[in-house]
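Shown below: work_1.cif, with mmCIF, C-alpha atoms and all ligand atoms.
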```
data_my_file
loop_
_atom_site.label_atom_id
_atom_site.label_comp_id
_atom_site.auth_asym_id
_atom_site.auth_seq_id
_atom_site.Cartn_x
_atom_site.Cartn_y
_atom_site.Cartn_z
CA MET A 1 1.87 21.69 8.45
CA PRO A 2 0.62 19.44 11.26
CA GLY A 3 -1.84 16.73 10.34
CA LYS A 4 -1.13 16.86 6.61
CA ARG A 5 -0.84 13.55 4.77
CA ILE A 6 1.96 14.49 2.38
CA MET A 7 1.82 11.18 0.53
CA LEU A 8 -1.64 12.16 -0.75
CA ASP A 9 -0.25 15.43 -2.13
CA VAL A 10 2.46 13.51 -3.95
CA LEU A 11 -0.15 11.18 -5.42
CA GLU A 12 -1.89 14.29 -6.78
CA GLY A 13 1.34 15.05 -8.64
CA LYS A 14 3.05 17.48 -6.25
CA ALA A 15 6.77 17.30 -5.53
CA ILE A 16 7.55 17.38 -1.81
CA SER A 17 11.03 17.62 -0.35
CA PRO A 18 11.98 15.55 1.55
CA PRO A 19 9.67 12.99 -0.05
CA PRO A 20 7.24 10.85 1.96
CA LEU A 21 8.78 7.55 2.97
CA TRP A 22 7.55 4.05 3.84
CA MET A 23 8.80 0.50 3.13
CA MET A 24 7.05 -2.46 1.59
CA ARG A 25 6.78 -5.19 4.27
CA GLN A 26 7.69 -2.62 6.91
CA ALA A 27 6.05 -4.71 9.62
CA GLY A 28 7.87 -8.01 9.66
CA ARG A 29 10.57 -10.34 10.82
CA TYR A 30 13.49 -7.86 10.72
CA LEU A 31 11.82 -6.16 13.75
CA PRO A 32 12.36 -7.79 17.18
CA GLU A 33 8.97 -6.48 18.39
CA TYR A 34 7.27 -8.18 15.40
CA ARG A 35 8.93 -11.49 16.27
CA GLU A 36 7.67 -11.13 19.84
CA THR A 37 4.05 -10.47 18.79
CA ARG A 38 4.30 -13.24 16.19
CA LYS A 39 4.99 -15.74 19.01
CA ARG A 40 1.75 -14.76 20.71
CA ALA A 41 -0.31 -15.47 17.58
CA GLY A 42 -0.96 -19.07 16.56
CA SER A 43 -0.41 -19.23 12.82
CA PHE A 44 0.52 -16.37 10.48
CA LEU A 45 -3.10 -16.22 9.26
CA ASP A 46 -4.33 -16.04 12.87
CA LEU A 47 -2.21 -12.92 13.16
CA CYS A 48 -3.76 -11.47 9.99
CA TYR A 49 -7.30 -12.15 11.27
CA ASP A 50 -6.79 -10.89 14.84
CA PRO A 51 -7.47 -7.12 14.88
CA ASP A 52 -5.74 -6.64 18.26
CA LEU A 53 -2.50 -8.21 17.06
CA ALA A 54 -2.71 -6.96 13.46
CA VAL A 55 -3.11 -3.37 14.71
CA GLU A 56 -0.19 -3.86 17.08
CA VAL A 57 2.23 -5.05 14.39
CA THR A 58 1.02 -2.48 11.83
CA LEU A 59 1.88 0.31 14.27
CA GLN A 60 5.32 -1.04 15.26
CA PRO A 61 7.28 0.47 12.34
CA ILE A 62 5.35 3.75 12.66
CA GLU A 63 6.26 4.02 16.33
CA ARG A 64 9.89 3.12 15.68
CA PHE A 65 10.65 5.08 12.50
CA GLY A 66 7.79 7.61 12.07
CA PHE A 67 7.16 6.62 8.45
CA ASP A 68 4.77 8.82 6.46
CA ALA A 69 2.56 5.87 5.61
CA SER A 70 1.31 2.80 7.39
CA ILE A 71 0.34 -0.32 5.44
CA LEU A 72 -2.34 -2.57 6.82
CA PHE A 73 -0.79 -5.79 8.14
CA SER A 74 -2.32 -8.68 6.24
CA ASP A 75 -1.40 -10.82 3.23
CA ILE A 76 -2.51 -10.98 -0.40
CA LEU A 77 -3.60 -14.61 0.14
CA VAL A 78 -6.48 -13.72 2.48
CA VAL A 79 -8.53 -13.17 -0.71
CA PRO A 80 -8.39 -16.80 -1.94
CA ASN A 81 -8.79 -17.88 1.68
CA ALA A 82 -11.97 -15.78 2.01
CA LEU A 83 -13.19 -17.41 -1.24
CA GLY A 84 -13.02 -20.76 0.51
CA ARG A 85 -9.55 -21.98 -0.54
CA GLU A 86 -7.30 -23.62 2.01
CA VAL A 87 -4.22 -21.46 2.77
CA ARG A 88 -1.43 -22.18 5.27
CA PHE A 89 1.93 -20.59 5.96
CA GLU A 90 4.66 -23.03 6.89
CA GLU A 91 7.62 -21.75 8.89
CA GLY A 92 10.49 -21.08 6.50
CA GLN A 93 8.54 -22.32 3.45
CA GLY A 94 6.09 -19.58 2.60
CA PRO A 95 2.49 -20.12 1.62
CA ILE A 96 0.93 -23.53 0.94
CA LEU A 97 -2.47 -23.70 -0.77
CA LYS A 98 -4.58 -26.53 -2.07
CA PRO A 99 -3.89 -26.19 -5.84
CA ILE A 100 -7.07 -25.27 -7.69
CA VAL A 101 -8.12 -27.30 -10.75
CA ALA A 102 -10.20 -25.99 -13.67
CA ALA A 103 -13.37 -27.79 -12.58
CA GLU A 104 -13.31 -26.05 -9.18
CA ILE A 105 -13.24 -22.52 -10.55
CA ALA A 106 -16.97 -22.27 -11.32
CA ALA A 107 -17.66 -23.28 -7.73
CA LEU A 108 -15.55 -20.52 -6.12
CA ASN A 109 -17.92 -19.00 -3.71
CA GLY A 110 -18.03 -15.42 -2.51
CA GLU A 111 -21.11 -15.76 -0.31
CA THR A 112 -19.26 -15.23 2.95
CA PHE A 113 -16.37 -13.23 1.44
CA HIS A 114 -16.92 -10.01 3.40
CA VAL A 115 -17.91 -11.89 6.56
CA ASN A 116 -14.61 -13.78 6.40
CA LEU A 117 -12.70 -10.53 5.87
CA GLU A 118 -14.50 -8.56 8.57
CA PRO A 119 -11.47 -8.81 10.93
CA VAL A 120 -9.39 -7.05 8.26
CA TYR A 121 -11.96 -4.24 7.95
CA GLU A 122 -12.01 -3.94 11.75
CA THR A 123 -8.21 -3.67 11.73
CA VAL A 124 -8.40 -0.82 9.19
CA ARG A 125 -11.04 1.04 11.24
CA ARG A 126 -8.96 0.77 14.41
CA LEU A 127 -5.79 1.81 12.60
CA ARG A 128 -7.31 4.97 11.20
CA ALA A 129 -8.48 5.88 14.70
CA LYS A 130 -5.04 5.21 16.25
CA LEU A 131 -2.64 6.56 13.64
CA PRO A 132 -1.32 10.11 13.78
CA ASP A 133 -3.33 12.45 11.53
CA GLU A 134 -0.38 12.99 9.22
CA THR A 135 0.17 9.27 8.57
CA THR A 136 -1.37 7.95 5.36
CA LEU A 137 -3.07 4.57 5.76
CA ILE A 138 -2.55 2.17 2.85
CA GLY A 139 -4.84 -0.78 2.18
CA PHE A 140 -3.88 -3.42 -0.39
CA CYS A 141 -4.63 -6.55 -2.33
CA GLY A 142 -2.70 -8.79 -4.68
CA ALA A 143 -3.32 -8.41 -8.41
CA PRO A 144 -5.41 -11.25 -9.88
CA TRP A 145 -2.49 -12.72 -11.85
CA THR A 146 -0.18 -12.84 -8.82
CA VAL A 147 -2.87 -14.31 -6.55
CA ALA A 148 -3.79 -16.84 -9.27
CA THR A 149 -0.18 -18.06 -9.49
CA TYR A 150 -0.28 -19.16 -5.84
CA MET A 151 -3.79 -20.63 -6.17
CA ILE A 152 -2.73 -22.75 -9.14
CA ALA A 153 0.74 -23.91 -8.06
CA GLY A 154 -0.18 -24.14 -4.39
CA HIS A 155 3.14 -22.56 -3.41
CA GLY A 156 5.74 -20.09 -4.62
CA THR A 157 7.73 -21.03 -7.75
CA PRO A 158 10.63 -19.26 -9.49
CA ASP A 159 8.88 -18.63 -12.82
CA GLN A 160 5.21 -19.42 -12.24
CA ALA A 161 5.28 -22.17 -14.87
CA PRO A 162 2.21 -23.97 -13.43
CA ALA A 163 0.03 -20.83 -13.76
CA ARG A 164 1.38 -20.05 -17.25
CA PHE A 165 0.62 -23.61 -18.41
CA PHE A 166 -2.82 -23.42 -16.86
CA ALA A 167 -3.52 -20.08 -18.59
CA TYR A 168 -2.52 -21.53 -21.99
CA ARG A 169 -4.18 -24.92 -21.60
CA GLU A 170 -7.40 -23.87 -19.85
CA PRO A 171 -7.99 -20.35 -21.18
CA GLU A 172 -11.69 -20.20 -20.34
CA ALA A 173 -11.33 -21.44 -16.78
CA PHE A 174 -8.33 -19.16 -16.31
CA ALA A 175 -10.18 -16.07 -17.59
CA ARG A 176 -12.98 -16.91 -15.22
CA LEU A 177 -10.56 -17.20 -12.30
CA LEU A 178 -9.07 -13.77 -13.08
CA LYS A 179 -12.56 -12.28 -13.29
CA VAL A 180 -13.63 -13.76 -9.94
CA LEU A 181 -10.42 -12.43 -8.38
CA ALA A 182 -10.76 -8.97 -9.97
CA ASP A 183 -14.38 -8.58 -8.82
CA HIS A 184 -13.68 -9.72 -5.28
CA SER A 185 -10.43 -7.77 -4.99
CA ALA A 186 -12.24 -4.59 -6.07
CA ALA A 187 -14.97 -5.21 -3.50
CA TYR A 188 -12.27 -5.87 -0.89
CA LEU A 189 -10.46 -2.59 -1.67
CA ILE A 190 -13.74 -0.65 -1.63
CA ARG A 191 -14.47 -1.96 1.88
CA GLN A 192 -10.94 -1.08 3.03
CA ILE A 193 -11.43 2.49 1.74
CA GLU A 194 -14.78 2.68 3.53
CA ALA A 195 -13.10 1.45 6.73
CA GLY A 196 -10.53 4.27 6.53
CA ALA A 197 -7.77 3.43 4.04
CA ASP A 198 -6.58 6.64 2.29
CA VAL A 199 -4.82 4.83 -0.56
CA VAL A 200 -4.83 1.27 -1.87
CA GLN A 201 -1.95 -0.59 -3.49
CA ILE A 202 -2.25 -3.51 -5.89
CA PHE A 203 0.77 -5.87 -5.64
CA ASP A 204 1.50 -7.56 -8.98
CA SER A 205 4.68 -9.29 -7.84
CA TRP A 206 4.79 -11.79 -10.71
CA SER A 207 3.99 -9.58 -13.70
CA GLY A 208 7.60 -9.96 -14.88
CA VAL A 209 7.31 -13.59 -16.03
CA LEU A 210 4.78 -13.00 -18.83
CA ASP A 211 5.14 -12.40 -22.55
CA GLU A 212 3.65 -9.25 -24.04
CA ALA A 213 0.20 -10.60 -24.90
CA SER A 214 -0.15 -12.37 -21.55
CA PHE A 215 0.99 -9.29 -19.67
CA ASP A 216 -1.78 -7.31 -21.35
CA ALA A 217 -4.41 -9.98 -20.81
CA PHE A 218 -3.52 -11.23 -17.32
CA CYS A 219 -1.98 -8.15 -15.64
CA VAL A 220 -3.18 -4.98 -17.34
CA GLY A 221 -6.76 -6.10 -18.05
CA PRO A 222 -7.71 -7.34 -14.56
CA VAL A 223 -5.94 -4.46 -12.78
CA ALA A 224 -7.75 -1.98 -15.06
CA GLU A 225 -11.01 -3.72 -14.12
CA ILE A 226 -10.25 -3.38 -10.38
CA VAL A 227 -9.39 0.32 -10.82
CA ARG A 228 -12.60 0.87 -12.81
CA GLN A 229 -14.74 -0.73 -10.09
CA VAL A 230 -12.99 1.09 -7.24
CA LYS A 231 -13.16 4.47 -9.01
CA ALA A 232 -16.86 3.96 -9.81
CA VAL A 233 -17.54 4.03 -6.06
CA HIS A 234 -14.64 6.19 -4.82
CA PRO A 235 -13.50 8.35 -7.74
CA ASN A 236 -10.94 10.22 -5.64
CA ALA A 237 -9.26 7.27 -3.94
CA PRO A 238 -5.65 6.99 -5.16
CA VAL A 239 -4.58 3.55 -6.36
CA ILE A 240 -0.91 2.54 -6.56
CA GLY A 241 -0.03 -0.26 -8.97
CA PHE A 242 3.18 -2.26 -8.50
CA PRO A 243 3.85 -4.46 -11.53
CA LYS A 244 7.15 -5.87 -10.30
CA GLY A 245 9.53 -6.82 -13.10
CA ALA A 246 7.40 -5.22 -15.83
CA GLY A 247 10.49 -3.64 -17.46
CA GLU A 248 9.66 -1.75 -20.66
CA ARG A 249 5.98 -2.32 -20.03
CA TYR A 250 6.08 0.06 -17.10
CA ARG A 251 5.90 2.75 -19.77
CA ASP A 252 2.20 2.41 -20.45
CA TYR A 253 0.98 0.50 -17.40
CA ARG A 254 -0.31 3.59 -15.62
CA GLU A 255 -2.22 4.84 -18.64
CA LYS A 256 -3.72 1.46 -19.52
CA THR A 257 -4.82 0.56 -15.97
CA GLY A 258 -5.91 3.98 -14.69
CA ILE A 259 -3.78 3.75 -11.54
CA THR A 260 -2.68 6.96 -9.81
CA GLY A 261 0.80 6.05 -8.58
CA LEU A 262 3.32 3.68 -10.09
CA GLY A 263 5.40 1.39 -7.86
CA LEU A 264 8.85 0.73 -9.36
CA ASP A 265 11.02 -2.28 -8.65
CA TRP A 266 14.77 -1.73 -8.25
CA THR A 267 15.66 -2.84 -11.78
CA VAL A 268 13.84 0.14 -13.34
CA PRO A 269 16.55 2.55 -14.58
CA LEU A 270 16.33 5.93 -12.87
CA SER A 271 16.37 7.70 -16.24
CA MET A 272 13.23 5.79 -17.18
CA ALA A 273 11.76 6.44 -13.71
CA LYS A 274 12.24 10.15 -14.33
CA GLU A 275 10.34 9.93 -17.61
CA LEU A 276 7.56 8.00 -15.88
CA GLN A 277 7.41 10.72 -13.23
CA SER A 278 6.31 13.28 -15.82
CA GLU A 279 2.99 11.40 -15.97
CA GLY A 280 2.47 11.25 -12.20
CA ALA A 281 3.84 9.99 -8.90
CA VAL A 282 6.33 7.14 -8.76
CA GLN A 283 7.16 5.02 -5.71
CA GLY A 284 10.42 3.21 -5.09
CA ASN A 285 12.91 1.92 -5.82
CA LEU A 286 15.91 1.12 -3.59
CA ASP A 287 17.29 -2.40 -3.98
CA PRO A 288 16.35 -4.05 -0.64
CA LEU A 289 19.80 -5.68 -0.57
CA ARG A 290 21.48 -2.25 -0.44
CA LEU A 291 19.55 -1.79 2.79
CA VAL A 292 20.85 -5.12 4.11
CA ALA A 293 24.43 -4.21 3.13
CA GLY A 294 24.32 -0.68 4.56
CA GLY A 295 27.31 1.68 4.38
CA LYS A 296 28.33 3.05 0.99
CA ALA A 297 26.05 0.70 -0.94
CA LEU A 298 23.07 2.12 0.93
CA ALA A 299 24.18 5.76 0.80
CA ASP A 300 24.88 5.60 -2.96
CA GLY A 301 21.53 3.96 -3.68
CA VAL A 302 19.53 6.47 -1.64
CA ASP A 303 21.46 9.37 -3.07
CA ALA A 304 20.95 8.32 -6.70
CA ILE A 305 17.18 8.07 -6.22
CA LEU A 306 16.88 11.40 -4.43
CA ARG A 307 19.13 13.17 -6.94
CA THR A 308 17.29 11.83 -9.98
CA LEU A 309 13.71 11.77 -8.73
CA GLY A 310 13.68 14.11 -5.71
CA ALA A 311 12.44 17.16 -7.62
CA GLY A 312 9.31 15.40 -8.91
CA PRO A 313 6.42 13.53 -7.30
CA LEU A 314 8.23 10.75 -5.43
CA ILE A 315 7.26 8.37 -2.64
CA PHE A 316 10.55 6.97 -1.38
CA ASN A 317 10.35 3.20 -0.90
CA LEU A 318 12.24 -0.01 -1.52
CA GLY A 319 11.98 -1.72 -4.90
CA HIS A 320 10.42 -4.78 -3.16
CA GLY A 321 9.79 -5.92 0.42
CA ILE A 322 12.41 -5.55 3.14
CA THR A 323 14.16 -8.84 3.85
CA PRO A 324 14.23 -10.41 7.34
CA GLU A 325 18.02 -10.16 7.71
CA THR A 326 18.01 -6.34 7.39
CA PRO A 327 19.65 -4.64 10.42
CA VAL A 328 17.32 -2.16 12.11
CA ALA A 329 20.23 0.31 12.29
CA HIS A 330 20.37 0.39 8.48
CA VAL A 331 16.70 1.33 8.32
CA GLU A 332 17.39 4.14 10.80
CA ALA A 333 20.28 5.32 8.62
CA MET A 334 18.09 5.28 5.49
CA VAL A 335 15.36 7.29 7.23
CA LYS A 336 17.94 9.90 8.25
CA MET A 337 19.35 10.17 4.73
CA VAL A 338 15.92 10.60 3.14
CA ARG A 339 14.71 13.03 5.80
CA SER A 340 17.78 15.24 5.47
CA HIS A 341 17.31 15.62 1.70
CA ARG A 342 16.57 19.18 0.59
C1 LIG B 401 3.60 -12.33 -3.05
C2 LIG B 401 3.07 -11.71 -1.77
C3 LIG B 401 2.64 -12.41 -0.61
N1 LIG B 401 2.23 -11.45 0.31
C4 LIG B 401 2.40 -10.21 -0.20
C5 LIG B 401 2.89 -10.33 -1.53
C6 LIG B 401 3.13 -9.20 -2.48
C7 LIG B 401 4.40 -8.48 -2.20
C8 LIG B 401 5.62 -9.31 -2.46
O1 LIG B 401 5.88 -9.66 -3.61
O2 LIG B 401 6.34 -9.60 -1.48
C9 LIG B 401 2.05 -8.92 0.41
C10 LIG B 401 2.23 -8.73 1.85
N2 LIG B 401 2.54 -9.66 2.81
C11 LIG B 401 2.62 -9.05 4.03
C12 LIG B 401 2.31 -7.67 3.85
C13 LIG B 401 2.18 -6.76 5.05
C14 LIG B 401 2.19 -5.35 4.93
C15 LIG B 401 3.57 -4.72 4.79
O3 LIG B 401 4.22 -4.48 5.84
O4 LIG B 401 4.00 -4.43 3.66
C16 LIG B 401 2.09 -7.46 2.50
C17 LIG B 401 1.78 -6.18 1.75
C18 LIG B 401 2.96 -9.68 5.31
C19 LIG B 401 3.70 -10.96 5.31
N3 LIG B 401 3.50 -12.05 4.50
C20 LIG B 401 4.34 -13.07 4.86
C21 LIG B 401 5.11 -12.64 5.97
C22 LIG B 401 6.13 -13.49 6.72
C23 LIG B 401 5.46 -14.55 7.52
C24 LIG B 401 5.81 -14.57 9.01
O5 LIG B 401 6.05 -13.51 9.61
O6 LIG B 401 5.81 -15.66 9.55
C25 LIG B 401 4.72 -11.31 6.25
C26 LIG B 401 5.22 -10.43 7.36
C27 LIG B 401 4.39 -14.41 4.26
C28 LIG B 401 4.30 -14.52 2.79
N4 LIG B 401 3.26 -14.04 2.03
C29 LIG B 401 3.49 -14.29 0.69
C30 LIG B 401 4.71 -14.99 0.60
C31 LIG B 401 5.34 -15.45 -0.69
C32 LIG B 401 5.20 -15.16 1.90
C33 LIG B 401 6.41 -15.95 2.31
C34 LIG B 401 7.66 -15.23 2.06
C35 LIG B 401 8.03 -14.38 3.24
O7 LIG B 401 7.93 -14.90 4.36
O8 LIG B 401 8.44 -13.23 3.03
C36 LIG B 401 2.58 -13.88 -0.39
#
```

Go through the file and emit its structure as structure tokens.
Amino acid sequence: MPGKRIMLDVLEGKAISPPPLWMMRQAGRYLPEYRETRKRAGSFLDLCYDPDLAVEVTLQPIERFGFDASILFSDILVVPNALGREVRFEEGQGPILKPIVAAEIAALNGETFHVNLEPVYETVRRLRAKLPDETTLIGFCGAPWTVATYMIAGHGTPDQAPARFFAYREPEAFARLLKVLADHSAAYLIRQIEAGADVVQIFDSWSGVLDEASFDAFCVGPVAEIVRQVKAVHPNAPVIGFPKGAGERYRDYREKTGITGLGLDWTVPLSMAKELQSEGAVQGNLDPLRLVAGGKALADGVDAILRTLGAGPLIFNLGHGITPETPVAHVEAMVKMVRSHR
């Protein structure tokens, strides 16, 4: 059926064979054409805020591989940046922010939030106009907990100890930070939907470092609040939640947050993924390192997912972002394997 966005059918609970396919971080450094465009932008954030260049890199993986979905090229850290926090990306180091202290949280200022993010909305509008009809356009934001971890530490850490300490030592300031982030992230997603995003995904990359009570309070609660606010304005917009590393807590994340689709990291057992699929669409979950390795490791990984989950509502994806050292030929091989599944 020409012009049909099959990923939206899957998010309504339908099984489609072969399943729709896209990759987290599909526009990025593993692509030579991305590295070329990247050289023309000043900083990484300049690239995110330049609609001409952001549209160009968003479309690169669609043109090369014909994925079923396109994800807006941006970063989760544009939200703190638009709230007035300093954010930089250092070559080979990842993000650097000015660490926020408790006393600064009350002063976080959303007055020019949407003005600052207007280039992102413009990118979404142009993408929807340029993409093939059958390509689903995904908007996104980071979950409040994950964004807060970078705001507090000022950089990536292996276990997010600075944010966990902050949450325990300054509970009121921390709750306020999560609330500011949830409200602004919801408003940001609503604007992306109004600009043309068909689906939005909430990346909770660091949900796996929390104990049970903190997971409920810092991940589930704020994501549920975002979903509530988005659905109040756009009741039919599908929302995908990706609580990376949530383990056992994947079991009730969808129900407690109200998300439509559930993004699975590669450690989620396929037997559990199959159970989760009985409640609605799942997305995932190939280990990105199988894609780097290629050959039998890749074929076995793809095959296991398709065999176990292929008869239910599945969006084929990686279990986390593609890594820069991935050979393009391995991506081509994966696309062929998924597309030949019947
Ligand atoms: C935690 C997080 C961030 N950003 C993001 C997350 C959540 C997903 C995840 O866990 O990976 C989300 C993100 N970042 C980027 C996208 C683009 C859309 C896509 O293709 O998926 C998305 C969805 C581009 C990017 N974001 C970044 C790059 C690389 C920077 C460059 O090209 O110079 C890209 C393409 C930089 C970034 N941005 C961030 C980090 C930690 C880094 C450095 C590590 C790295 O380089 O991979 C924060």

(request) Take the point (-6.1, -4.9, 3.2) in the file's coordinates, draw a sphere of radius 8 Å around it, and report as a ChimeraX atom specification every protein, DNA or RNA residue with an atom inside or on it, counting all atoms listed in the file. (result) /A:72-76,120-121,124,138-141,188-189,192

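When all atoms listed in the file are used to compute distances to ligand LIG 401 (chain B), the closest of the residues A:Phe174, A:Tyr250, A:Tyr150, A:Phe113 turns out to be A:Tyr150.
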
(request) May I have the residues within 7 Å of ligand LIG 401 (chain B), computed using only C-alpha atoms and all ligand atoms, as a ChimeraX atom specification? (result) /A:23-29,38,44,71-77,89,91,93-95,140,142,146,156,203-205,320-321

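CA of Ile202 in chain A to CA of Tyr34 in chain A spans 23.8 Å [interatomic distance, one decimal].
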
Spatial neighbours of Val239 in chain A, max dist 9 Å, all atoms listed in the file, sep filter under 6 positions, as a PDB file with C-alpha atoms, in the frame of the given file:
```
ATOM      1  CA  LEU A  11      -0.150  11.180  -5.420  1.00  0.00           C
ATOM      2  CA  VAL A 199      -4.820   4.830  -0.560  1.00  0.00           C
ATOM      3  CA  VAL A 200      -4.830   1.270  -1.870  1.00  0.00           C
ATOM      4  CA  GLN A 201      -1.950  -0.590  -3.490  1.00  0.00           C
ATOM      5  CA  ILE A 202      -2.250  -3.510  -5.890  1.00  0.00           C
ATOM      6  CA  VAL A 227      -9.390   0.320 -10.820  1.00  0.00           C
ATOM      7  CA  VAL A 230     -12.990   1.090  -7.240  1.00  0.00           C
ATOM      8  CA  GLY A 258      -5.910   3.980 -14.690  1.00  0.00           C
ATOM      9  CA  ILE A 259      -3.780   3.750 -11.540  1.00  0.00           C
ATOM     10  CA  THR A 260      -2.680   6.960  -9.810  1.00  0.00           C
ATOM     11  CA  GLY A 261       0.800   6.050  -8.580  1.00  0.00           C
ATOM     12  CA  LEU A 262       3.320   3.680 -10.090  1.00  0.00           C
TER      13      LEU A 262
END
```

(request) Return the single residue from A:Val338, A:Leu53, A:Ala103, A:Leu137 that is closest to Ala195 in chain A, with distances computed using all atoms listed in the file. (result) A:Leu137

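Picture a line from CA of Thr37 in chain A to CA of Ser70 in chain A; it runs 17.7 Å.
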
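Coordinates place CA of Pro119 in chain A at a distance of 20.2 Å from CA of Val147 in chain A.
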
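Taking all atoms listed in the file into account, the protein, DNA and RNA residues within 12 Å of (9.7, 0.9, 16.3) read Gln26, Ala27, Gly28, Tyr30, Leu31, Pro32, Glu33, Tyr34, Glu56, Val57, Thr58, Leu59, Gln60, Pro61, Ile62, Glu63, Arg64, Phe65, Gly66, Phe67, Val328, Ala329, Val331 and Glu332 of chain A.
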
(request) Rank nothing, just name the residue among A:Arg125, A:Ile305, A:Gly221, A:Arg228 nearest to Glu194 in chain A, using only C-alpha atoms. (result) A:Arg125

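Shortest atom-to-atom contact with Ala175 in chain A among A:Ile105, A:Thr323, A:Ile152, A:Pro158: A:Ile105, counting all atoms listed in the file.
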
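Comparing A:Lys179, A:Lys274, A:His114, A:Lys336 by their smallest distance to Asn81 in chain A, the closest is A:His114 (using only C-alpha atoms).
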
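Residue neighbourhood of Ser340 in chain A, excluding near-sequence residues (fewer than 3 positions): Ser17, Pro18, Pro19, Pro20, Val302, Asp303, Leu306, Gly310, Ala333, Met334, Val335, Lys336 and Met337 of chain A, at 12 Å, using only C-alpha atoms.
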
(request) Rank nothing, just name the residue among A:Ala304, A:Met151, A:Ala224, A:Ala161 nearest to Val87 in chain A, using all atoms listed in the file. (result) A:Met151

(message) Can you pull out the residues contacting range 264-273 of chain A? Cut-off 6 Å, using all atoms listed in the file, and skip same-chain residues under 3 positions away; I want them as a ChimeraX atom specification.
(response) /A:244,276,283-287,319

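Within the 9 Å cut-off around Leu289 in chain A, using only C-alpha atoms and omitting residues fewer than 4 positions from it on the same chain, the listed residues are Ala293, Gly294, Ala297, Leu298, Ile322, Thr323 and Thr326 of chain A.
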
Take the selection from the previous step and output its residues with C-alpha atoms, as a short mmCIF file (atom, residue, chain, number, x, y, z; two decimals), in the coordinates of the input.
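Done, and the output landed in part13.cif:
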```cif
data_model
loop_
_atom_site.label_atom_id
_atom_site.label_comp_id
_atom_site.auth_asym_id
_atom_site.auth_seq_id
_atom_site.Cartn_x
_atom_site.Cartn_y
_atom_site.Cartn_z
CA ALA A 293 24.43 -4.21 3.13
CA GLY A 294 24.32 -0.68 4.56
CA ALA A 297 26.05 0.70 -0.94
CA LEU A 298 23.07 2.12 0.93
CA ILE A 322 12.41 -5.55 3.14
CA THR A 323 14.16 -8.84 3.85
CA THR A 326 18.01 -6.34 7.39
#
```
